[in-house]
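A.B. asks: This is the structure I have questions about; it appears just below.
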There are 2 protein chains.
Amino acid sequence: MRAAIFRNGQIVVDHLPEPKPGAGQVLVKSLACGICGSDLHARQHAYRMADLAKHTGRQPMDLSRDIVFGHEFCCEVLDHGPATERKLEPGTRVCSIPALITAEGPRGIGYSNDHVGAYAERMLLSEALLLEVPNGLAAEHAALTEPLAVGVHAVAKANIRGDEVPLVIGCGPVGLAVIAALKIKGIGPIIAADYSPKRRALAERLGADVVVDPAKSQPYQTWAEHAQMTSEQKAARPPFQAWLPALKPALIFECVGIPGLIQQVFEGAPRDARIVVVGVCMETDRSEPMLGILKELNVQYVLGYTPEEYAWSLRLIAEGQVDAASLVTGQIGIDGVAQAFADLANPEQHTKIIVEPWR
Amino acid sequence: MRAAIFRNGQIVVDHLPEPKPGAGQVLVKSLACGICGSDLHARQHAYRMADLAKHTGRQPMDLSRDIVFGHEFCCEVLDHGPATERKLEPGTRVCSIPALITAEGPRGIGYSNDHVGAYAERMLLSEALLLEVPNGLAAEHAALTEPLAVGVHAVAKANIRGDEVPLVIGCGPVGLAVIAALKIKGIGPIIAADYSPKRRALAERLGADVVVDPAKSQPYQTWAEHAQMTSEQKAARPPFQAWLPALKPALIFECVGIPGLIQQVFEGAPRDARIVVVGVCMETDRSEPMLGILKELNVQYVLGYTPEEYAWSLRLIAEGQVDAASLVTGQIGIDGVAQAFADLANPEQHTKIIVEPWR
């Protein structure tokens, strides 16, 4: 079969052997797979990624061998392996968290030497993890389940009490997913910042109440304007807090993931802010712990989602509660993947490019 | 009056004008004042401290003018200013959070050009903030209220649920206060790590159940040995977590405050650990956000305490619930402050040196 392969630091197209489903596994056709920012990061920082995996008990990638990315997918059932229940017939469209249950335990799909991701024509999934795509949802929209789940998880990990005013820094696919998840939770007003007009328009479409161009105004200033306490809230504060600025709790989502961003958030954040780091920064970063201390900041790093959050995200898209379609800005075949990695650098041109390996 | 003054980057002894109590203020005699690690940091990193204050709306210190440190104090009432209720007679021993209520709002005591700390013979306090020292508690032990409150606050900010196993990194006065506060909360077993045998002995005295010499064994390994889930806890895990190591939640207190420590904690911490940063690192630090992300770590930076936490800490010492006396390793006069700053570098020799300006 054909696949877009990460080989020697580049994306190349080549043939790979057909995958053979093991016990409990299903052979599927990749219908649609989003290109994730993490794939771009992984191509650029593959050695660091492999190195860091050691600290976390994860299986590090062997960069001397082929890897097929692609973990935001919607597939079609082709064939069942041994020891399967076969409840979903061939032709059924399915989604799954990007994990494969093997005899050695669960293994990731998409950043693995052994389990190809959905930039290949065919791949293996675990029958036990399959979710049937509901409501005749198009495959390219069902493929957005995974990035939406990242936002849903980030919001879940924020331990929201209900009185927070959120600020989303960066409106790429991750920031947009966070905005959608906040909107569904009914938390607001949602303030969102991005330099790109296209991304700010998308942020509004997905639920941002106020958008900020950081080139024109300070996001934290705009946030503060929309986070003033009510007079009841002011009166309810303990006496020793009465001299502090009367602001509602800040909940800041860092959705950019480049070095320096966390320090920037530390500088701009108000006292007692909670910061959820959703952007994946793969480089060593520098920051002033003293700023965190003086402001008593809380930083929650997040990654991935639970199977329940993933399943809920698929329903949110299928029920039209999240306008996933608006994120898709390009659909390409296997031969277009390398160019798409470059094209994604321009936020005015692209938000989410979908790989359709059957094209 | 005489005072140990921070002037041109050094601690010098000189005379200063007598303070005059304003409205609501009380003139007090400094009986005893602990030398805090933050004072040592402030002397070394004064310019950075002043610079960082700008980001947090605090009044920055003017380093061209005199500053008198000393914020861990017990005092004796001497005289009342105008508009005071005079409930506490001259001669009464009092503690207070190191803040002065002025016409311009509350102002810090001890890192200020205008309000001298307790390394001076006399100083001003706000009558409304005074707490009478109970139970005939000695002044040098009442002075430990402030550092204990730092530990009490750090534990309060950790949002303890009850099933965590704490690991305290660093058993200086801050780490010891955290250990005491954890013990009072009944959280354990408490694992504590320090290179110094003296400090490890103190950690045990204040409530640590297991102490680790990081030169001999890995603190995170020791922690894991004491944090194994019970079989009930293992069985209660959601299925998608069943493949993770069966460890109780980790609650790590970083009580060292030097560059590189947070990265070290990031490397050693287990998945989902909560890290409370109590150590005050005043330098720029480097860390790998990716480690935080892969492990979904939470970092809570903390500073200070509430007036309630401070008052409770005084009661804990007065009631003998915390063995504060064991921390005091030296008592000096104003002329000994400069030497004491140097002596505190040796953890075998000193834990807490008390300045008694009347000596």
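Letters A, B, ... go to the chains of the structure tokens in the order shown; residues in each chain start at 1; ligands are counted from 1 in the same order.
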When DSSP is applied to the backbone of this structure, which of region 64-153 of chain A are assigned alpha helix (DSSP H)? Write them out as number ranges by chain.
C.D. replies: A: 139-142, 145-153
A.B. asks: Do me a favour and pick out the residues of chain A within 7 Å of chain B, using only C-alpha atoms, as a PyMOL selection string.
C.D. replies: chain A and resi 52+55-56+267+280-303
A.B. asks: Write down as a PyMOL selection string the residues belonging to region 78-163 of chain B that are assigned strand (DSSP E or B) by DSSP computed on the backbone.
C.D. replies: chain B and resi 78-80+93-95+99-102+105-108+120+122-126+131-132
A.B. asks: Taking 3 positions as the minimum chain separation for residues in the same chain, which residues sit within 10 Å of region 309-325 of chain A when counting only C-alpha atoms? Answer as a ChimeraX atom specification.
C.D. replies: /A:95-97,129-138,140-153,156,176-177,180-181,183-184,202,205-207,304-306,328-329,352
A.B. asks: I want to know what sits within 6 Å of region 86-92 of chain A, based on only C-alpha atoms, with residues of the same chain fewer than 5 positions away left out; could you give that as a PyMOL selection string?
C.D. replies: chain A and resi 76-78
A.B. asks: Please compute the CA of Thr102 (chain B)-CA of Gly81 (chain B) distance, one decimal, in Å.
C.D. replies: 12.4 Å
